[in-house]
Structure formats: structure tokens, C-alpha cells
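Next comes final37.tsv, with TSV, C-alpha atoms.
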chain	number	residue	atom	x	y	z
A	15	MET	CA	128.40	98.23	152.42
A	16	PRO	CA	127.27	100.36	149.51
A	17	LYS	CA	128.94	99.69	146.19
A	18	VAL	CA	130.41	102.53	144.10
A	19	LYS	CA	130.58	102.07	140.33
A	20	ILE	CA	133.69	103.68	138.89
A	21	PRO	CA	133.63	105.13	135.34
A	22	SER	CA	136.37	103.92	133.01
A	23	PRO	CA	138.60	107.06	133.17
A	24	LEU	CA	138.92	106.72	136.95
A	25	ARG	CA	139.56	102.98	137.13
A	26	GLN	CA	143.30	103.60	136.82
A	27	TYR	CA	143.07	104.92	140.41
A	28	THR	CA	141.13	101.93	141.78
A	29	GLY	CA	143.49	99.24	140.55
A	30	GLY	CA	141.33	98.70	137.49
A	31	ASN	CA	138.27	97.80	139.55
A	32	PRO	CA	134.95	98.90	138.03
A	33	GLU	CA	133.21	98.60	141.42
A	34	VAL	CA	134.45	99.31	144.92
A	35	ASP	CA	132.73	98.53	148.23
A	36	VAL	CA	133.06	101.41	150.68
A	37	GLY	CA	131.60	102.19	154.07
A	38	GLY	CA	129.34	105.16	154.70
A	39	ALA	CA	125.78	105.99	155.73
A	40	THR	CA	125.37	108.73	153.12
A	41	ALA	CA	126.46	109.19	149.53
A	42	GLY	CA	128.85	111.93	150.65
A	43	GLU	CA	130.45	109.70	153.29
A	44	ALA	CA	130.83	106.85	150.82
A	45	LEU	CA	132.54	109.14	148.28
A	46	GLY	CA	134.77	110.61	150.96
A	47	ASN	CA	135.80	107.12	152.07
A	48	LEU	CA	136.42	106.15	148.44
A	49	ALA	CA	138.75	109.14	148.05
A	50	SER	CA	140.52	108.30	151.30
A	51	GLU	CA	141.11	104.73	150.21
A	52	HIS	CA	142.23	105.81	146.73
A	53	PRO	CA	143.89	109.20	147.33
A	54	ASP	CA	144.83	109.81	143.68
A	55	LEU	CA	141.11	109.95	142.92
A	56	ARG	CA	140.47	112.92	145.18
A	57	GLN	CA	141.61	115.74	142.90
A	58	HIS	CA	139.42	114.43	140.08
A	59	LEU	CA	136.29	114.26	142.27
A	60	TYR	CA	136.72	117.33	144.47
A	61	THR	CA	137.84	120.92	143.94
A	62	GLY	CA	140.62	122.38	146.08
A	63	ASP	CA	138.06	123.59	148.62
A	64	GLY	CA	136.51	120.17	149.00
A	65	LYS	CA	133.39	120.52	146.86
A	66	LEU	CA	132.37	117.87	144.36
A	67	ARG	CA	133.36	119.03	140.87
A	68	SER	CA	130.42	120.21	138.80
A	69	PHE	CA	130.93	117.58	136.08
A	70	VAL	CA	131.02	114.72	138.62
A	71	ASN	CA	127.51	113.31	138.74
A	72	VAL	CA	126.53	110.89	141.47
A	73	TYR	CA	123.57	108.56	141.13
A	74	LYS	CA	121.97	106.30	143.71
A	75	GLY	CA	120.49	103.59	141.56
A	76	ASP	CA	118.93	105.50	138.66
A	77	GLU	CA	118.49	108.79	140.50
A	78	ASP	CA	120.81	111.78	140.52
A	79	ILE	CA	121.48	112.57	144.18
A	80	ARG	CA	121.03	116.29	143.35
A	81	TYR	CA	117.31	115.47	143.17
A	82	LEU	CA	117.40	113.45	146.39
A	83	GLU	CA	119.17	114.81	149.44
A	84	GLY	CA	122.46	115.59	147.71
A	85	GLN	CA	125.49	114.25	149.54
A	86	ASP	CA	123.26	113.68	152.58
A	87	THR	CA	121.32	111.04	150.62
A	88	GLU	CA	121.19	107.96	152.80
A	89	VAL	CA	122.72	104.77	151.44
A	90	ALA	CA	122.44	101.25	152.79
A	91	ASP	CA	124.17	97.92	152.35
A	92	GLY	CA	123.91	96.79	148.75
A	93	ASP	CA	122.92	100.20	147.38
A	94	GLU	CA	124.64	101.06	144.13
A	95	ILE	CA	126.21	104.49	143.83
A	96	SER	CA	127.45	105.45	140.35
A	97	ILE	CA	129.91	108.18	139.47
A	98	ILE	CA	128.97	109.29	135.98
A	99	PRO	CA	130.96	111.87	134.04
A	100	SER	CA	129.40	114.68	132.12
A	101	ILE	CA	131.63	116.00	129.39
A	102	ALA	CA	131.92	119.74	129.01
A	103	GLY	CA	134.27	122.26	127.53
A	104	GLY	CA	134.66	124.89	124.90
A	105	ARG	CA	136.88	127.73	123.90
A	106	CYS	CA	137.50	130.56	126.35
A	107	LYS	CA	136.43	133.58	124.29
B	701	MET	CA	150.14	107.36	123.04
B	702	PRO	CA	149.12	107.81	119.39
B	703	LEU	CA	145.44	107.97	118.52
B	704	LYS	CA	144.62	106.21	115.25
B	705	ILE	CA	141.61	107.59	113.40
B	706	GLY	CA	140.82	106.32	109.91
B	707	ALA	CA	139.81	108.60	107.06
B	708	GLY	CA	136.12	107.66	107.33
B	709	ASP	CA	135.88	108.60	111.00
B	710	LEU	CA	137.93	111.77	110.46
B	711	GLY	CA	135.45	112.71	107.76
B	712	ARG	CA	132.50	112.09	110.09
B	713	ILE	CA	134.02	114.40	112.73
B	714	HIS	CA	134.59	117.06	110.05
B	715	ASP	CA	131.00	116.69	108.82
B	716	HIS	CA	129.65	117.06	112.36
B	717	ALA	CA	131.78	120.15	113.00
B	718	ARG	CA	130.56	121.75	109.76
B	719	ASP	CA	126.92	120.82	110.43
B	720	ALA	CA	127.06	122.43	113.88
B	721	TYR	CA	128.97	125.57	112.82
B	722	PRO	CA	128.93	128.26	114.24
B	723	GLU	CA	128.06	126.22	117.33
B	724	GLU	CA	130.37	123.66	118.91
B	725	CYS	CA	129.72	120.00	118.22
B	726	ALA	CA	130.71	117.06	120.41
B	727	GLY	CA	130.77	113.30	120.19
B	728	ALA	CA	132.34	110.09	121.43
B	729	LEU	CA	135.44	108.25	120.21
B	730	VAL	CA	134.86	104.53	120.51
B	731	GLY	CA	137.47	101.85	120.00
B	732	ILE	CA	140.25	99.79	121.47
B	733	ASP	CA	143.18	100.79	123.66
B	734	ASN	CA	145.79	98.10	123.09
B	735	GLY	CA	148.41	99.68	125.33
B	736	GLY	CA	150.65	101.11	122.64
B	737	ILE	CA	148.08	102.82	120.48
B	738	LYS	CA	144.45	103.81	120.80
B	739	VAL	CA	142.48	102.76	117.74
B	740	VAL	CA	139.22	104.59	117.03
B	741	VAL	CA	136.74	102.19	115.47
B	742	ASP	CA	133.70	104.44	115.42
B	743	VAL	CA	132.63	107.98	116.26
B	744	TRP	CA	129.18	108.70	117.69
B	745	ARG	CA	127.54	112.10	117.57
B	746	ALA	CA	126.32	113.52	120.86
B	747	GLU	CA	123.84	116.29	121.35
B	748	ASN	CA	125.36	119.53	122.62
B	749	THR	CA	122.89	120.28	125.40
B	750	HIS	CA	124.63	123.32	126.84
B	751	GLU	CA	121.76	125.72	127.53
B	752	GLU	CA	123.37	128.85	126.14
B	753	GLU	CA	126.45	130.06	124.28
B	754	ARG	CA	126.80	126.88	122.26
B	755	ILE	CA	129.10	128.87	119.95
B	756	ARG	CA	131.73	128.48	122.67
B	757	ARG	CA	130.46	125.79	125.02
B	758	PHE	CA	129.40	122.17	124.83
B	759	LEU	CA	127.91	119.70	127.27
B	760	ILE	CA	127.25	115.97	126.96
B	761	GLU	CA	124.79	114.88	129.64
B	762	PRO	CA	125.83	112.15	132.10
B	763	LEU	CA	123.14	109.70	131.02
B	764	GLU	CA	124.32	110.02	127.42
B	765	VAL	CA	127.91	109.35	128.53
B	766	LYS	CA	126.65	106.29	130.46
B	767	LYS	CA	124.79	105.09	127.37
B	768	PHE	CA	127.94	105.49	125.26
B	769	GLU	CA	129.98	103.53	127.81
B	770	GLU	CA	127.42	100.71	127.89
B	771	GLN	CA	127.04	100.56	124.09
B	772	ALA	CA	130.81	100.50	123.63
B	773	GLU	CA	131.17	97.68	126.17
B	774	GLU	CA	128.43	95.70	124.43
B	775	LYS	CA	130.59	95.81	121.31
B	776	ASP	CA	133.71	94.76	123.29
B	777	MET	CA	135.16	98.21	122.86
B	778	GLY	CA	135.74	101.16	125.15
B	779	LEU	CA	135.03	104.85	125.28
B	780	LEU	CA	138.44	106.25	124.32
B	781	GLY	CA	137.45	109.88	124.64
B	782	PHE	CA	135.51	112.66	123.00
B	783	TYR	CA	135.79	115.12	120.17
B	784	HIS	CA	134.51	118.67	120.04
B	785	SER	CA	134.90	121.63	117.71
B	786	HIS	CA	136.31	125.10	118.25
B	787	PRO	CA	134.63	127.28	115.62
B	788	ASP	CA	136.95	130.10	114.52
B	789	HIS	CA	139.40	129.19	117.25
B	790	PRO	CA	142.60	127.08	117.46
B	791	ALA	CA	142.50	123.33	118.14
B	792	GLU	CA	143.98	123.82	121.58
B	793	PRO	CA	142.27	123.14	124.90
B	794	SER	CA	141.13	126.18	126.84
B	795	GLU	CA	141.33	126.73	130.57
B	796	TYR	CA	137.61	125.95	130.63
B	797	ASP	CA	138.34	122.65	128.87
B	798	ARG	CA	140.99	121.81	131.45
B	799	GLU	CA	138.74	122.54	134.43
B	800	HIS	CA	136.16	120.13	133.03
B	801	ALA	CA	138.42	117.38	131.66
B	802	TRP	CA	138.70	113.83	132.89
B	803	PRO	CA	141.97	111.90	133.06
B	804	GLY	CA	142.42	108.96	130.73
B	805	TYR	CA	140.19	110.20	127.92
B	806	SER	CA	141.49	111.53	124.59
B	807	TYR	CA	140.10	114.95	123.75
B	808	VAL	CA	140.15	115.63	120.02
B	809	ILE	CA	139.55	119.26	119.07
B	810	ALA	CA	138.67	120.31	115.52
B	811	SER	CA	139.32	123.91	114.59
B	812	LEU	CA	137.19	125.18	111.73
B	813	GLY	CA	136.09	128.29	109.92
B	814	ALA	CA	132.86	128.76	108.01
B	815	GLU	CA	134.00	126.48	105.20
B	816	ASN	CA	136.41	123.82	106.36
B	817	VAL	CA	138.08	122.08	109.28
B	818	GLU	CA	141.52	123.63	109.36
B	819	ASP	CA	143.24	121.69	112.12
B	820	MET	CA	142.57	118.74	114.39
B	821	ARG	CA	144.67	117.82	117.42
B	822	SER	CA	144.28	115.39	120.31
B	823	TRP	CA	145.05	116.01	123.97
B	824	THR	CA	145.07	114.11	127.26
B	825	LEU	CA	144.81	115.66	130.71
B	826	ARG	CA	147.86	115.20	132.95
B	827	ASP	CA	147.29	113.15	136.10
B	828	ASP	CA	147.83	116.19	138.31
B	829	ARG	CA	145.37	118.26	136.22
B	830	SER	CA	148.10	120.87	135.63
B	831	GLY	CA	147.73	120.84	131.85
B	832	TYR	CA	147.50	118.69	128.77
B	833	ASP	CA	149.86	116.55	126.75
B	834	GLU	CA	149.33	116.36	123.02
B	835	GLU	CA	149.10	112.92	121.47
B	836	PRO	CA	149.71	112.37	117.76
B	837	ILE	CA	146.75	111.58	115.51
B	838	VAL	CA	147.75	108.91	113.00
B	839	GLY	CA	145.77	107.62	110.06

Is it possible to express this structure as C-alpha cells?
Amino acid sequence: MPKVKIPSPLRQYTGGNPEVDVGGATAGEALGNLASEHPDLRQHLYTGDGKLRSFVNVYKGDEDIRYLEGQDTEVADGDEISIIPSIAGGRCK
Amino acid sequence: MPLKIGAGDLGRIHDHARDAYPEECAGALVGIDNGGIKVVVDVWRAENTHEEERIRRFLIEPLEVKKFEEQAEEKDMGLLGFYHSHPDHPAEPSEYDREHAWPGYSYVIASLGAENVEDMRSWTLRDDRSGYDEEPIVG
């Protein structure tokens, strides 16, 4: 199974675990399975219409999956998938 | 939960906000969460890499966040949250802030004019992402 590394702000939803093994043949499947197993995570990873939030960055090893095949990026047993926050904000006007 | 920031670290956040003015600054709050209070031990400047409109937007790249997390863990501390400035704007989170916020982190916002930081407040995102709760900053 691939391993998903959980950033510290989301560990409260994985029982404190910094790494979770989840099934899935692609990065998207693995993340979907992670959210199914830990439902409170879902709203922080996905928008209401099911897209990954823009500030949720997913890496396979050291590579951003946006520069691979996106959520269709294949993952295998032992691969490490990392969820890495980017921090953004600012005033409205 | 109160957020304890000593005078030295408060001063460093103020300095960063003034240095960046009229653009927004951003940085990391590093320290220890002991369950009853979050104690900031150090503040680390980040580069605001937002490509445009840095007078009202900031971005800390994911690899910089990862580096902060790793460096904090090496020092047996944690990444408690982030600070950023609102030049010529109140120290309250915007809708844009809320859309981009993570749960669990403290978000300190410094409001400043051309001369001085006028207000600084800290916020945490609610679990259901519906809004923020303010947490007291103590010295």
C-alpha cells in the first residue's frame, strides 16, 4: 500500500498519526480512500464540488503531482505521498 | 487557547510588517503546544511569493512550509501557525483568508499603517470551516 504523510494540522483527524497506509492505484484514489477512512478530513482536502483545494499540495516522493499526471499519477506499494500545505491569504480589498 | 508571544518575537513580527509595507509579510510561528497554552519560541520570516498584488495577498510555498515543519521538529518544537500583515486594514481575517486557512494553526494578523503596527490579533479556523475563533495573545 502507498503511504500518505499527514501534515501536522491534519493529524487531529487521523488519530494523531503522521503517516497512514491507504489503498489505491493512483494518487487521487489514495487520497479519496484516506478521506473515506477519515471523513472529518474531507472538507479540508476537497471543495464542496469534490475538487482538491488549491492550497492542498500533493507530492509523490519529491515531485508535485501537478507536474506528473495529477491525481491520475500512478502509485505503488511503498510509495510515499505527502500532503503539504501552502499558506495563503490576505485582505479582501 | 491563549497564544503566548514574548516581547522580542512580537517586535520581530512588527519589524517584518514594517519592512514589507505596503506589501503583506508572512512568516512562521514556532514553539510548543502544551495543551493549555501555545508558547511561541521563535518566529521565522517567510518570503511572500504571491506573483501579484502583494499589497493584499501573500503566499508561502509548500516546500518552504515543509522546511519550516522539519526545522521545527529538529528543535523538538512544532509549527504553531503563521503570521501575516494587513497593511492599512484591520487585523481580522478576510473571506479570502478563511477559504485558504488550515485547521489547527494559529493565524496572527498584524494591522499597520505607514508608521506603526496598530493592532495584532490571533485566530483559529473552526473545524467546520464556517469561520474563525479569536484566541488571546498573551505576553

Restricting the calculation to all atoms listed in the file, which member of B:Asp828, B:Asp742, B:Asp733, B:Glu774 is positioned closest to chain A?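 The answer is B:Asp828, which sits nearest to chain A.
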
Test item: which residues lie within 12 Å of (121.5, 113.1, 149.1) counting all atoms listed in the file, as a ChimeraX atom specification: /A:39-45,71-74,77-89,95

Which residues are near region 21-37 of chain A? Cut-off 8 Å, all atoms listed in the file, ignore same chain within fewer than 6 positions. Put them as a list in words.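 Near neighbours after the sequence-gap exclusion: Met15, Glu43, Ala44, Asn47, Leu48, His52, Asp54, Leu55, Ser96, Ile97, Ile98 and Pro99 of chain A; Leu779, Trp802, Pro803, Gly804 and Tyr805 of chain B.
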
Could you tell me which residues of chain A sit within 6 Å of chain B when counting all atoms listed in the file, and give me the result as a list in words?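 The selection requested is Pro23, Ile98, Pro99, Ser100, Ile101, Ala102, Gly103, Gly104, Arg105 and Cys106 of chain A.
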
Figure out the distance between CA of Pro16 (chain A) and CA of Gln57 (chain A), please, to one decimal in Å.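 That distance, rounded to one decimal, is 22.0 Å.
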
Could you tell me which of B:Asn734, B:Ser811, B:Ser806, B:Gln771 comes closest to Tyr832 (chain B) if we count all atoms listed in the file? B:Ser806

If we count only C-alpha atoms and set the cut-off at 8 Å, which residues sit around region 709-718 of chain B, ignoring sequence neighbours fewer than 3 positions away in its own chain? Please answer as a PyMOL selection string. chain B and resi 705-706+721+724-725+740-743+745+783-785+810+812+814-817

Dump of C-alpha atoms for the selected residues, as a compact mmCIF listing (two decimals), in the frame of the given file:
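Final output, selection.txt:
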# COMPACT_ATOMS: atom_id res chain seq x y z
CA ILE B 705 141.61 107.59 113.40
CA GLY B 706 140.82 106.32 109.91
CA TYR B 721 128.97 125.57 112.82
CA GLU B 724 130.37 123.66 118.91
CA CYS B 725 129.72 120.00 118.22
CA VAL B 740 139.22 104.59 117.03
CA VAL B 741 136.74 102.19 115.47
CA ASP B 742 133.70 104.44 115.42
CA VAL B 743 132.63 107.98 116.26
CA ARG B 745 127.54 112.10 117.57
CA TYR B 783 135.79 115.12 120.17
CA HIS B 784 134.51 118.67 120.04
CA SER B 785 134.90 121.63 117.71
CA ALA B 810 138.67 120.31 115.52
CA LEU B 812 137.19 125.18 111.73
CA ALA B 814 132.86 128.76 108.01
CA GLU B 815 134.00 126.48 105.20
CA ASN B 816 136.41 123.82 106.36
CA VAL B 817 138.08 122.08 109.28

Residue with smallest distance to Arg826 (chain B) - pool A:His58, A:Asp91, A:Lys65, A:Lys19, counting only C-alpha atoms: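 Going through A:His58, A:Asp91, A:Lys65, A:Lys19 one by one, the smallest distance to Arg826 (chain B) is for A:His58.
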
Interatomic distance (Å, one decimal) between CA of Ile837 (chain B) and CA of Val808 (chain B): 9.0 Å

Using the file's own x, y and z axes, so that the box edges lie along x, y and z, what centre and edge lengths in Å (one decimal) does a box around every listed atom of region 776-781 of chain B get when 4 Å is added on each side? Give it as JSON.
{"center_x": 136.1, "center_y": 102.3, "center_z": 124.1, "size_x": 12.7, "size_y": 23.1, "size_z": 10.4}

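A straight line drawn from CA of Ala772 (chain B) to CA of Gly708 (chain B) is 18.6 Å long.
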
Your completed region 74-86 of chain A with N, CA, C and O atoms, as a CSV table (one decimal), keeping the file's coordinate frame:
chain,number,residue,atom,x,y,z
A,74,LYS,N,122.3,107.5,142.9
A,74,LYS,CA,122.0,106.3,143.7
A,74,LYS,C,121.0,105.5,142.9
A,74,LYS,O,119.9,106.0,142.6
A,75,GLY,N,121.4,104.3,142.5
A,75,GLY,CA,120.5,103.6,141.6
A,75,GLY,C,120.4,104.4,140.3
A,75,GLY,O,121.4,104.8,139.7
A,76,ASP,N,119.1,104.7,139.9
A,76,ASP,CA,118.9,105.5,138.7
A,76,ASP,C,118.7,107.0,138.9
A,76,ASP,O,118.3,107.7,138.0
A,77,GLU,N,118.9,107.4,140.2
A,77,GLU,CA,118.5,108.8,140.5
A,77,GLU,C,119.7,109.6,140.9
A,77,GLU,O,120.5,109.2,141.7
A,78,ASP,N,119.8,110.8,140.2
A,78,ASP,CA,120.8,111.8,140.5
A,78,ASP,C,120.6,112.3,142.0
A,78,ASP,O,119.5,112.7,142.3
A,79,ILE,N,121.7,112.2,142.8
A,79,ILE,CA,121.5,112.6,144.2
A,79,ILE,C,121.2,114.1,144.3
A,79,ILE,O,120.7,114.5,145.4
A,80,ARG,N,121.4,114.9,143.3
A,80,ARG,CA,121.0,116.3,143.4
A,80,ARG,C,119.5,116.4,143.5
A,80,ARG,O,119.1,117.4,144.1
A,81,TYR,N,118.8,115.4,143.1
A,81,TYR,CA,117.3,115.5,143.2
A,81,TYR,C,116.8,114.7,144.4
A,81,TYR,O,115.6,114.5,144.6
A,82,LEU,N,117.8,114.1,145.1
A,82,LEU,CA,117.4,113.4,146.4
A,82,LEU,C,117.8,114.4,147.5
A,82,LEU,O,117.4,115.5,147.6
A,83,GLU,N,118.7,114.0,148.3
A,83,GLU,CA,119.2,114.8,149.4
A,83,GLU,C,120.6,115.2,149.2
A,83,GLU,O,121.3,115.5,150.2
A,84,GLY,N,121.1,115.2,148.0
A,84,GLY,CA,122.5,115.6,147.7
A,84,GLY,C,123.4,114.6,148.4
A,84,GLY,O,123.1,113.4,148.5
A,85,GLN,N,124.5,115.1,148.9
A,85,GLN,CA,125.5,114.2,149.5
A,85,GLN,C,125.0,113.7,150.9
A,85,GLN,O,125.6,112.7,151.4
A,86,ASP,N,123.9,114.2,151.4
A,86,ASP,CA,123.3,113.7,152.6
A,86,ASP,C,122.3,112.5,152.3
A,86,ASP,O,121.7,112.0,153.2
